[in-house]
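In what follows, a single structure is set out as C-alpha cells and then discussed.
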Amino acid sequence: MSSIPTQVDVVVAGSGAAGLAAAVTLCEGGATVAVFEKQRSLGGTSNFFHGTFAVESRMQRERYIDYSRDEAFRNIMEYSHWKANALLVRAVVDESAATLEWLMERGVEFTGQMINMPRVPQTYHVLKGDGEAVVKALATRAKDKGAHIVPATPVTAIEREGGRLSGVVVESDGEEVSVVCKAVIIATGGYANNKEWIKRYTGRELGVDLIAVGNTGKMGDGIRMAWELGAASDGVDSLEVLRVGPVGDEFAMGSDVEVVAMQPDLWVTARGERFCDESLAFHDTHSGNANLRAAAGGHTFSLFDDSIVEHVLVHGVDRSLTPEKPPGYRPVEFRKEMEAIMTAGTTEIFRAGSVEDLALAAGMDPETLCRTIDEYNGFCAKGRDGIMAKAPRYLRPLQGPMFYAVRARTVMLGTKGGIRINERMEALDTKGEVIPGLYAGGFDAGGMYGDSYPIHVASGLSSAFALNSGRIAGQSALEFME
C-alpha cells in the first residue's frame, strides 16, 4: 500500500475508470496526484464493463461505419428529450474517438466492434479483458508516472480555507488525515447502495423494487461532499436499469437459465397480465423501465415452455447476454442447470404441467394467466400481436408439455447523476457558477443522460462517460493550476 502523502497538486476520490483516467492525465501533465479508494481493491464497477462507446473511431473508419459525431449528439439529445446538458454531451461525444486511441497507447486492447442489439448505431467497441484490463492498465500507468494510489482509504471531507478549496480529509485505519491540495476530482461511483437516498430521490425501495448488482459501498460520498461545498444537484434520480431473472446468490450470472429467461417470449406481471412488447429485451434501458413500472411486489415473470426451450436449443437465442453468448448461441446446459436448481429448491423459478398449476405455484391468478396465454397464443397463430405489436418473428406460442415461470427483477447497474457540472467537468453551484478547483465525473456527475440511460442510441456510453469525463476533468484541473 502506498503511504499517504501530506501534500499533492490534485486529489482524486475513487479509482474507477473516471478516477484513473483523470489520474493518468494529471500525472502525464506534470501534476502530483493522490488517488484515494474506499475499497481494498481498485476499479469498483469499472472492472466489469465489456466495451465502450466511441464515434468516428479508427476501428469504425476501417469498417466503413460512417455514423458521425453530429448524429450521435443529436440522437443522445433527442433520446433525453433535451433534458441532458447539450454542451456536456457534445464534449464527451467529440472526445470519444481520441479516448480510444489514448487507451490503446497505454496498453488497452480492443477486439473489434459488436452490435449488441438490433437497429442501433455501431458505437460499441469491445475490450480484450473487459474493464478489469482498463483498470489495470491505467493504474499501472498512473503509478509509473508517480501517482500515489491508496486503497482502503476513503475521502471523507473536502476542506476550504479563505473561501477556496485547500485539501481533503481521508480516513486511514480509523484515523483522520489531512492532505493539502489545489484541486479535487470526485469519482466515487454514485449512490447505488444508499437505501435512504434511493428512496428519497427515486421513490423506490432498494432490495425490493431495485436490486443493485456489481456495486459495493456506493453511498454517495463524493456527491455529499460536493453538495456540502455548495454544488448543485443534477440528474440525481436517473438510474441505469435492466430486467434480469433469476436473481439471487444461488444463481450463476450468465447461466443458460438466465439466457433462456431473457428471450423475447411472454412476460407477465405478478398477477399474470402481459405488460409490454417483449422485444424490449434487446434494449436494456427499455426493458428495465417497463419492468420497474409493472413490477408490483418487486418482480414480474418470464414465461416459456418446453417447445420454446427446444426452439432455442435448435436455432439458438435471439437476444445475446454477453459477447461470449451472442445471437445464435445454443443454451445446451439449460436442462441440466434447471434440474439442479429445482432439486436444490427455489422460490424464483416455477414449473408445472399445466398453466393453472403454474399460476398456483407462482402465486399468480390462474384465471388471469390462462386468459393471457390464450390471447397470446391466438396472436401467435395469426402472426400478429393485436395489443403490443411485437414483431411476428418473436411470436412463439406456449404449448407445453411443461411450462416455466422465472421471476424477473429490475436490476440497477448504477445511479447516473448527482453533481451539476459543465462541459469542462467543473462543479457548479446553484447559481451556475464554477466552484474553483472542484471537478466530478462518472456516476457522481449529472447532465449526460436525462431521465434514462440511452443505450438504444449510444451503446457503451456509461463507461465512455466515465473515461472521457475523467480525462477532461484532468485536463481542466491542469489548466486551473496554471
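The chains in the C-alpha cells are called A, B, ... from first to last as shown; in each chain the residues are counted from 1, and the ligands are counted from 1 in the order shown.
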Please identify which residues in region 133-217 of chain A DSSP calls helix (DSSP H, G or I) from the backbone, and express them as a ChimeraX atom specification. /A:133-144,195-202
When DSSP works through the backbone of this structure, what residues of region 121-194 of chain A end up as strand (DSSP E or B), shown as a PDB file with all heavy atoms, in the first residue's frame?
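Result file is states_21.pdb:
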ATOM      1  N   TYR A 124     -20.341   0.467 -30.186  1.00  0.00           N
ATOM      2  CA  TYR A 124     -19.829  -0.354 -29.084  1.00  0.00           C
ATOM      3  C   TYR A 124     -18.497  -0.993 -29.474  1.00  0.00           C
ATOM      4  O   TYR A 124     -18.432  -1.797 -30.402  1.00  0.00           O
ATOM      5  CB  TYR A 124     -20.858  -1.429 -28.726  1.00  0.00           C
ATOM      6  CG  TYR A 124     -20.646  -2.112 -27.400  1.00  0.00           C
ATOM      7  CD1 TYR A 124     -20.828  -1.410 -26.214  1.00  0.00           C
ATOM      8  CD2 TYR A 124     -20.307  -3.459 -27.325  1.00  0.00           C
ATOM      9  CE1 TYR A 124     -20.674  -2.034 -24.989  1.00  0.00           C
ATOM     10  CE2 TYR A 124     -20.149  -4.091 -26.096  1.00  0.00           C
ATOM     11  CZ  TYR A 124     -20.325  -3.366 -24.936  1.00  0.00           C
ATOM     12  OH  TYR A 124     -20.171  -3.977 -23.715  1.00  0.00           O
ATOM     13  N   HIS A 125     -17.427  -0.649 -28.771  1.00  0.00           N
ATOM     14  CA  HIS A 125     -16.085  -1.160 -29.029  1.00  0.00           C
ATOM     15  C   HIS A 125     -15.729  -2.147 -27.919  1.00  0.00           C
ATOM     16  O   HIS A 125     -15.661  -1.765 -26.744  1.00  0.00           O
ATOM     17  CB  HIS A 125     -15.079  -0.011 -29.070  1.00  0.00           C
ATOM     18  CG  HIS A 125     -15.309   0.940 -30.209  1.00  0.00           C
ATOM     19  ND1 HIS A 125     -16.418   1.759 -30.280  1.00  0.00           N
ATOM     20  CD2 HIS A 125     -14.579   1.196 -31.327  1.00  0.00           C
ATOM     21  CE1 HIS A 125     -16.349   2.486 -31.387  1.00  0.00           C
ATOM     22  NE2 HIS A 125     -15.241   2.165 -32.036  1.00  0.00           N
ATOM     23  N   VAL A 126     -15.487  -3.391 -28.290  1.00  0.00           N
ATOM     24  CA  VAL A 126     -15.327  -4.476 -27.330  1.00  0.00           C
ATOM     25  C   VAL A 126     -13.884  -4.535 -26.825  1.00  0.00           C
ATOM     26  O   VAL A 126     -12.927  -4.514 -27.603  1.00  0.00           O
ATOM     27  CB  VAL A 126     -15.713  -5.827 -27.959  1.00  0.00           C
ATOM     28  CG1 VAL A 126     -15.561  -6.957 -26.939  1.00  0.00           C
ATOM     29  CG2 VAL A 126     -17.144  -5.776 -28.476  1.00  0.00           C
ATOM     30  N   LEU A 127     -13.749  -4.654 -25.513  1.00  0.00           N
ATOM     31  CA  LEU A 127     -12.447  -4.709 -24.872  1.00  0.00           C
ATOM     32  C   LEU A 127     -11.906  -6.129 -24.789  1.00  0.00           C
ATOM     33  O   LEU A 127     -12.668  -7.086 -24.639  1.00  0.00           O
ATOM     34  CB  LEU A 127     -12.553  -4.169 -23.442  1.00  0.00           C
ATOM     35  CG  LEU A 127     -12.722  -2.668 -23.284  1.00  0.00           C
ATOM     36  CD1 LEU A 127     -13.364  -2.356 -21.940  1.00  0.00           C
ATOM     37  CD2 LEU A 127     -11.381  -1.978 -23.414  1.00  0.00           C
ATOM     38  N   HIS A 148       0.284   8.505  -6.269  1.00  0.00           N
ATOM     39  CA  HIS A 148       0.059   7.741  -5.043  1.00  0.00           C
ATOM     40  C   HIS A 148      -1.344   7.140  -5.142  1.00  0.00           C
ATOM     41  O   HIS A 148      -2.331   7.884  -5.205  1.00  0.00           O
ATOM     42  CB  HIS A 148       0.128   8.646  -3.816  1.00  0.00           C
ATOM     43  CG  HIS A 148       1.415   9.370  -3.648  1.00  0.00           C
ATOM     44  ND1 HIS A 148       2.462   8.880  -2.903  1.00  0.00           N
ATOM     45  CD2 HIS A 148       1.844  10.571  -4.145  1.00  0.00           C
ATOM     46  CE1 HIS A 148       3.471   9.732  -2.932  1.00  0.00           C
ATOM     47  NE2 HIS A 148       3.118  10.772  -3.682  1.00  0.00           N
ATOM     48  N   ILE A 149      -1.454   5.829  -5.169  1.00  0.00           N
ATOM     49  CA  ILE A 149      -2.758   5.174  -5.209  1.00  0.00           C
ATOM     50  C   ILE A 149      -2.934   4.428  -3.897  1.00  0.00           C
ATOM     51  O   ILE A 149      -2.187   3.488  -3.594  1.00  0.00           O
ATOM     52  CB  ILE A 149      -2.878   4.224  -6.413  1.00  0.00           C
ATOM     53  CG1 ILE A 149      -2.723   5.019  -7.720  1.00  0.00           C
ATOM     54  CG2 ILE A 149      -4.221   3.501  -6.389  1.00  0.00           C
ATOM     55  CD1 ILE A 149      -2.871   4.187  -8.979  1.00  0.00           C
ATOM     56  N   VAL A 150      -3.920   4.859  -3.122  1.00  0.00           N
ATOM     57  CA  VAL A 150      -4.068   4.380  -1.756  1.00  0.00           C
ATOM     58  C   VAL A 150      -5.441   3.726  -1.569  1.00  0.00           C
ATOM     59  O   VAL A 150      -6.455   4.419  -1.472  1.00  0.00           O
ATOM     60  CB  VAL A 150      -3.900   5.538  -0.748  1.00  0.00           C
ATOM     61  CG1 VAL A 150      -3.794   4.983   0.670  1.00  0.00           C
ATOM     62  CG2 VAL A 150      -2.687   6.393  -1.081  1.00  0.00           C
ATOM     63  N   VAL A 155     -11.932   9.315   0.977  1.00  0.00           N
ATOM     64  CA  VAL A 155     -12.001  10.749   1.245  1.00  0.00           C
ATOM     65  C   VAL A 155     -13.316  11.004   1.968  1.00  0.00           C
ATOM     66  O   VAL A 155     -14.383  10.606   1.504  1.00  0.00           O
ATOM     67  CB  VAL A 155     -11.936  11.569  -0.050  1.00  0.00           C
ATOM     68  CG1 VAL A 155     -12.067  13.065   0.251  1.00  0.00           C
ATOM     69  CG2 VAL A 155     -10.635  11.299  -0.798  1.00  0.00           C
ATOM     70  N   THR A 156     -13.257  11.654   3.126  1.00  0.00           N
ATOM     71  CA  THR A 156     -14.477  11.875   3.925  1.00  0.00           C
ATOM     72  C   THR A 156     -14.932  13.328   3.938  1.00  0.00           C
ATOM     73  O   THR A 156     -16.082  13.611   4.273  1.00  0.00           O
ATOM     74  CB  THR A 156     -14.250  11.407   5.370  1.00  0.00           C
ATOM     75  OG1 THR A 156     -13.136  12.125   5.932  1.00  0.00           O
ATOM     76  CG2 THR A 156     -13.967   9.909   5.414  1.00  0.00           C
ATOM     77  N   ALA A 157     -14.049  14.259   3.583  1.00  0.00           N
ATOM     78  CA  ALA A 157     -14.438  15.672   3.582  1.00  0.00           C
ATOM     79  C   ALA A 157     -13.477  16.455   2.691  1.00  0.00           C
ATOM     80  O   ALA A 157     -12.324  16.059   2.488  1.00  0.00           O
ATOM     81  CB  ALA A 157     -14.424  16.252   4.997  1.00  0.00           C
ATOM     82  N   ILE A 158     -13.992  17.550   2.151  1.00  0.00           N
ATOM     83  CA  ILE A 158     -13.181  18.486   1.383  1.00  0.00           C
ATOM     84  C   ILE A 158     -13.078  19.768   2.194  1.00  0.00           C
ATOM     85  O   ILE A 158     -14.083  20.305   2.667  1.00  0.00           O
ATOM     86  CB  ILE A 158     -13.805  18.761   0.006  1.00  0.00           C
ATOM     87  CG1 ILE A 158     -13.927  17.446  -0.786  1.00  0.00           C
ATOM     88  CG2 ILE A 158     -12.965  19.766  -0.781  1.00  0.00           C
ATOM     89  CD1 ILE A 158     -14.676  17.593  -2.088  1.00  0.00           C
ATOM     90  N   GLU A 159     -11.860  20.266   2.363  1.00  0.00           N
ATOM     91  CA  GLU A 159     -11.630  21.418   3.222  1.00  0.00           C
ATOM     92  C   GLU A 159     -11.481  22.704   2.414  1.00  0.00           C
ATOM     93  O   GLU A 159     -11.034  22.670   1.255  1.00  0.00           O
ATOM     94  CB  GLU A 159     -10.371  21.195   4.070  1.00  0.00           C
ATOM     95  CG  GLU A 159     -10.509  20.003   5.022  1.00  0.00           C
ATOM     96  CD  GLU A 159      -9.296  19.835   5.909  1.00  0.00           C
ATOM     97  OE1 GLU A 159      -8.164  19.844   5.379  1.00  0.00           O
ATOM     98  OE2 GLU A 159      -9.484  19.700   7.142  1.00  0.00           O
ATOM     99  N   ARG A 160     -11.844  23.807   3.049  1.00  0.00           N
ATOM    100  CA  ARG A 160     -11.697  25.130   2.457  1.00  0.00           C
ATOM    101  C   ARG A 160     -10.910  26.028   3.399  1.00  0.00           C
ATOM    102  O   ARG A 160     -10.961  25.869   4.620  1.00  0.00           O
ATOM    103  CB  ARG A 160     -13.067  25.755   2.197  1.00  0.00           C
ATOM    104  CG  ARG A 160     -13.666  25.413   0.851  1.00  0.00           C
ATOM    105  CD  ARG A 160     -14.984  26.122   0.684  1.00  0.00           C
ATOM    106  NE  ARG A 160     -15.462  26.077  -0.688  1.00  0.00           N
ATOM    107  CZ  ARG A 160     -16.650  26.509  -1.083  1.00  0.00           C
ATOM    108  NH1 ARG A 160     -17.487  27.015  -0.206  1.00  0.00           N
ATOM    109  NH2 ARG A 160     -17.002  26.436  -2.342  1.00  0.00           N
ATOM    110  N   GLU A 161     -10.216  26.983   2.802  1.00  0.00           N
ATOM    111  CA  GLU A 161      -9.511  27.995   3.590  1.00  0.00           C
ATOM    112  C   GLU A 161      -9.618  29.315   2.853  1.00  0.00           C
ATOM    113  O   GLU A 161      -9.247  29.402   1.680  1.00  0.00           O
ATOM    114  CB  GLU A 161      -8.044  27.597   3.763  1.00  0.00           C
ATOM    115  CG  GLU A 161      -7.261  28.540   4.665  1.00  0.00           C
ATOM    116  CD  GLU A 161      -5.845  28.068   4.887  1.00  0.00           C
ATOM    117  OE1 GLU A 161      -5.649  26.853   5.108  1.00  0.00           O
ATOM    118  OE2 GLU A 161      -4.936  28.923   4.823  1.00  0.00           O
ATOM    119  N   ARG A 164     -11.577  29.157  -0.415  1.00  0.00           N
ATOM    120  CA  ARG A 164     -11.070  28.345  -1.524  1.00  0.00           C
ATOM    121  C   ARG A 164     -10.776  26.932  -1.051  1.00  0.00           C
ATOM    122  O   ARG A 164     -10.404  26.696   0.100  1.00  0.00           O
ATOM    123  CB  ARG A 164      -9.796  28.977  -2.104  1.00  0.00           C
ATOM    124  CG  ARG A 164     -10.028  30.309  -2.786  1.00  0.00           C
ATOM    125  CD  ARG A 164      -8.728  30.841  -3.376  1.00  0.00           C
ATOM    126  NE  ARG A 164      -8.232  29.970  -4.439  1.00  0.00           N
ATOM    127  CZ  ARG A 164      -8.632  30.059  -5.705  1.00  0.00           C
ATOM    128  NH1 ARG A 164      -9.538  30.965  -6.065  1.00  0.00           N
ATOM    129  NH2 ARG A 164      -8.128  29.258  -6.628  1.00  0.00           N
ATOM    130  N   LEU A 165     -10.913  26.006  -1.961  1.00  0.00           N
ATOM    131  CA  LEU A 165     -10.604  24.615  -1.671  1.00  0.00           C
ATOM    132  C   LEU A 165      -9.125  24.501  -1.288  1.00  0.00           C
ATOM    133  O   LEU A 165      -8.250  25.046  -1.975  1.00  0.00           O
ATOM    134  CB  LEU A 165     -10.908  23.779  -2.917  1.00  0.00           C
ATOM    135  CG  LEU A 165     -10.824  22.267  -2.843  1.00  0.00           C
ATOM    136  CD1 LEU A 165     -11.776  21.658  -3.870  1.00  0.00           C
ATOM    137  CD2 LEU A 165      -9.398  21.781  -3.139  1.00  0.00           C
ATOM    138  N   SER A 166      -8.861  23.809  -0.185  1.00  0.00           N
ATOM    139  CA  SER A 166      -7.482  23.751   0.312  1.00  0.00           C
ATOM    140  C   SER A 166      -6.966  22.339   0.552  1.00  0.00           C
ATOM    141  O   SER A 166      -5.761  22.149   0.733  1.00  0.00           O
ATOM    142  CB  SER A 166      -7.353  24.550   1.618  1.00  0.00           C
ATOM    143  OG  SER A 166      -8.216  23.997   2.620  1.00  0.00           O
ATOM    144  N   GLY A 167      -7.848  21.347   0.581  1.00  0.00           N
ATOM    145  CA  GLY A 167      -7.397  19.987   0.835  1.00  0.00           C
ATOM    146  C   GLY A 167      -8.546  19.054   1.122  1.00  0.00           C
ATOM    147  O   GLY A 167      -9.724  19.410   0.944  1.00  0.00           O
ATOM    148  N   VAL A 168      -8.190  17.860   1.546  1.00  0.00           N
ATOM    149  CA  VAL A 168      -9.206  16.860   1.869  1.00  0.00           C
ATOM    150  C   VAL A 168      -8.842  16.189   3.184  1.00  0.00           C
ATOM    151  O   VAL A 168      -7.695  16.271   3.651  1.00  0.00           O
ATOM    152  CB  VAL A 168      -9.332  15.784   0.770  1.00  0.00           C
ATOM    153  CG1 VAL A 168      -9.690  16.398  -0.570  1.00  0.00           C
ATOM    154  CG2 VAL A 168      -8.063  14.940   0.678  1.00  0.00           C
ATOM    155  N   VAL A 169      -9.835  15.515   3.738  1.00  0.00           N
ATOM    156  CA  VAL A 169      -9.625  14.644   4.884  1.00  0.00           C
ATOM    157  C   VAL A 169      -9.868  13.215   4.427  1.00  0.00           C
ATOM    158  O   VAL A 169     -10.878  12.931   3.775  1.00  0.00           O
ATOM    159  CB  VAL A 169     -10.573  14.992   6.052  1.00  0.00           C
ATOM    160  CG1 VAL A 169     -10.394  14.014   7.208  1.00  0.00           C
ATOM    161  CG2 VAL A 169     -10.340  16.420   6.517  1.00  0.00           C
ATOM    162  N   VAL A 170      -8.938  12.323   4.733  1.00  0.00           N
ATOM    163  CA  VAL A 170      -9.116  10.910   4.415  1.00  0.00           C
ATOM    164  C   VAL A 170      -9.105  10.115   5.711  1.00  0.00           C
ATOM    165  O   VAL A 170      -8.562  10.565   6.730  1.00  0.00           O
ATOM    166  CB  VAL A 170      -8.022  10.396   3.456  1.00  0.00           C
ATOM    167  CG1 VAL A 170      -8.042  11.192   2.152  1.00  0.00           C
ATOM    168  CG2 VAL A 170      -6.648  10.431   4.094  1.00  0.00           C
ATOM    169  N   GLU A 171      -9.685   8.936   5.655  1.00  0.00           N
ATOM    170  CA  GLU A 171      -9.728   8.066   6.822  1.00  0.00           C
ATOM    171  C   GLU A 171      -8.841   6.850   6.575  1.00  0.00           C
ATOM    172  O   GLU A 171      -9.047   6.103   5.618  1.00  0.00           O
ATOM    173  CB  GLU A 171     -11.162   7.613   7.092  1.00  0.00           C
ATOM    174  CG  GLU A 171     -11.297   6.768   8.351  1.00  0.00           C
ATOM    175  CD  GLU A 171     -12.737   6.363   8.602  1.00  0.00           C
ATOM    176  OE1 GLU A 171     -13.606   7.254   8.669  1.00  0.00           O
ATOM    177  OE2 GLU A 171     -12.984   5.144   8.709  1.00  0.00           O
ATOM    178  N   SER A 172      -7.866   6.672   7.431  1.00  0.00           N
ATOM    179  CA  SER A 172      -6.926   5.563   7.307  1.00  0.00           C
ATOM    180  C   SER A 172      -6.793   4.843   8.635  1.00  0.00           C
ATOM    181  O   SER A 172      -6.399   5.458   9.639  1.00  0.00           O
ATOM    182  CB  SER A 172      -5.552   6.086   6.849  1.00  0.00           C
ATOM    183  OG  SER A 172      -4.614   5.035   6.775  1.00  0.00           O
ATOM    184  N   GLU A 175      -8.271   6.570  11.592  1.00  0.00           N
ATOM    185  CA  GLU A 175      -7.798   7.906  11.921  1.00  0.00           C
ATOM    186  C   GLU A 175      -8.004   8.859  10.755  1.00  0.00           C
ATOM    187  O   GLU A 175      -7.916   8.459   9.597  1.00  0.00           O
ATOM    188  CB  GLU A 175      -6.307   7.862  12.290  1.00  0.00           C
ATOM    189  CG  GLU A 175      -6.002   7.060  13.538  1.00  0.00           C
ATOM    190  CD  GLU A 175      -4.535   7.136  13.917  1.00  0.00           C
ATOM    191  OE1 GLU A 175      -3.791   7.883  13.239  1.00  0.00           O
ATOM    192  OE2 GLU A 175      -4.139   6.457  14.882  1.00  0.00           O
ATOM    193  N   GLU A 176      -8.262  10.120  11.058  1.00  0.00           N
ATOM    194  CA  GLU A 176      -8.420  11.133  10.032  1.00  0.00           C
ATOM    195  C   GLU A 176      -7.075  11.791   9.720  1.00  0.00           C
ATOM    196  O   GLU A 176      -6.320  12.137  10.635  1.00  0.00           O
ATOM    197  CB  GLU A 176      -9.426  12.196  10.472  1.00  0.00           C
ATOM    198  CG  GLU A 176     -10.859  11.682  10.542  1.00  0.00           C
ATOM    199  CD  GLU A 176     -11.852  12.804  10.779  1.00  0.00           C
ATOM    200  OE1 GLU A 176     -11.423  13.910  11.222  1.00  0.00           O
ATOM    201  OE2 GLU A 176     -13.047  12.602  10.513  1.00  0.00           O
ATOM    202  N   VAL A 177      -6.795  11.921   8.425  1.00  0.00           N
ATOM    203  CA  VAL A 177      -5.544  12.511   7.969  1.00  0.00           C
ATOM    204  C   VAL A 177      -5.870  13.604   6.962  1.00  0.00           C
ATOM    205  O   VAL A 177      -6.664  13.400   6.049  1.00  0.00           O
ATOM    206  CB  VAL A 177      -4.626  11.457   7.314  1.00  0.00           C
ATOM    207  CG1 VAL A 177      -3.325  12.099   6.849  1.00  0.00           C
ATOM    208  CG2 VAL A 177      -4.354  10.308   8.274  1.00  0.00           C
ATOM    209  N   SER A 178      -5.256  14.774   7.113  1.00  0.00           N
ATOM    210  CA  SER A 178      -5.464  15.876   6.177  1.00  0.00           C
ATOM    211  C   SER A 178      -4.412  15.838   5.079  1.00  0.00           C
ATOM    212  O   SER A 178      -3.232  15.572   5.339  1.00  0.00           O
ATOM    213  CB  SER A 178      -5.391  17.225   6.898  1.00  0.00           C
ATOM    214  OG  SER A 178      -6.498  17.388   7.769  1.00  0.00           O
ATOM    215  N   VAL A 179      -4.869  16.098   3.854  1.00  0.00           N
ATOM    216  CA  VAL A 179      -3.977  16.155   2.697  1.00  0.00           C
ATOM    217  C   VAL A 179      -4.211  17.492   2.007  1.00  0.00           C
ATOM    218  O   VAL A 179      -5.334  17.787   1.582  1.00  0.00           O
ATOM    219  CB  VAL A 179      -4.244  15.000   1.718  1.00  0.00           C
ATOM    220  CG1 VAL A 179      -3.298  15.087   0.518  1.00  0.00           C
ATOM    221  CG2 VAL A 179      -4.096  13.650   2.418  1.00  0.00           C
ATOM    222  N   VAL A 180      -3.175  18.298   1.889  1.00  0.00           N
ATOM    223  CA  VAL A 180      -3.270  19.600   1.232  1.00  0.00           C
ATOM    224  C   VAL A 180      -3.256  19.394  -0.284  1.00  0.00           C
ATOM    225  O   VAL A 180      -2.482  18.584  -0.811  1.00  0.00           O
ATOM    226  CB  VAL A 180      -2.098  20.504   1.654  1.00  0.00           C
ATOM    227  CG1 VAL A 180      -2.127  21.822   0.889  1.00  0.00           C
ATOM    228  CG2 VAL A 180      -2.140  20.749   3.160  1.00  0.00           C
ATOM    229  N   ALA A 183      -6.711  21.034  -6.030  1.00  0.00           N
ATOM    230  CA  ALA A 183      -7.938  20.654  -6.741  1.00  0.00           C
ATOM    231  C   ALA A 183      -8.343  19.245  -6.325  1.00  0.00           C
ATOM    232  O   ALA A 183      -7.500  18.439  -5.908  1.00  0.00           O
ATOM    233  CB  ALA A 183      -7.729  20.719  -8.253  1.00  0.00           C
ATOM    234  N   VAL A 184      -9.629  18.970  -6.474  1.00  0.00           N
ATOM    235  CA  VAL A 184     -10.186  17.650  -6.150  1.00  0.00           C
ATOM    236  C   VAL A 184     -11.070  17.189  -7.312  1.00  0.00           C
ATOM    237  O   VAL A 184     -11.890  17.974  -7.817  1.00  0.00           O
ATOM    238  CB  VAL A 184     -11.023  17.688  -4.855  1.00  0.00           C
ATOM    239  CG1 VAL A 184     -11.703  16.335  -4.610  1.00  0.00           C
ATOM    240  CG2 VAL A 184     -10.155  18.066  -3.663  1.00  0.00           C
ATOM    241  N   ILE A 185     -10.881  15.938  -7.717  1.00  0.00           N
ATOM    242  CA  ILE A 185     -11.751  15.327  -8.729  1.00  0.00           C
ATOM    243  C   ILE A 185     -12.541  14.219  -8.061  1.00  0.00           C
ATOM    244  O   ILE A 185     -11.970  13.272  -7.510  1.00  0.00           O
ATOM    245  CB  ILE A 185     -10.938  14.780  -9.907  1.00  0.00           C
ATOM    246  CG1 ILE A 185     -10.225  15.934 -10.621  1.00  0.00           C
ATOM    247  CG2 ILE A 185     -11.841  14.027 -10.884  1.00  0.00           C
ATOM    248  CD1 ILE A 185      -9.320  15.499 -11.759  1.00  0.00           C
ATOM    249  N   ILE A 186     -13.858  14.353  -8.096  1.00  0.00           N
ATOM    250  CA  ILE A 186     -14.744  13.389  -7.443  1.00  0.00           C
ATOM    251  C   ILE A 186     -15.171  12.331  -8.452  1.00  0.00           C
ATOM    252  O   ILE A 186     -15.759  12.644  -9.494  1.00  0.00           O
ATOM    253  CB  ILE A 186     -15.971  14.098  -6.846  1.00  0.00           C
ATOM    254  CG1 ILE A 186     -15.532  15.016  -5.711  1.00  0.00           C
ATOM    255  CG2 ILE A 186     -16.992  13.085  -6.347  1.00  0.00           C
ATOM    256  CD1 ILE A 186     -16.646  15.850  -5.116  1.00  0.00           C
TER     257      ILE A 186
END
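The spacing separating CA of Glu56 (chain A) from CA of Asn116 (chain A) amounts to 18.2 Å.
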Just give me the gap between CA of Met425 (chain A) and CA of Ala473 (chain A) in Å, one decimal is fine. 5.2 Å
A:Met481, A:Leu242, A:Ala458, A:Ala192: which is nearest Ser68 (chain A), counting only C-alpha atoms?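 Under the stated criterion, the closest residue is A:Ala458.
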Compile the contact shell of Gly235 (chain A) as a VMD selection string: residues with an atom at most 12 Å away, counting only C-alpha atoms, same-chain residues fewer than 2 positions apart removed. chain A and resid 80 83 to 85 190 201 to 202 223 232 to 233 237 to 240 415 to 421 443 to 453
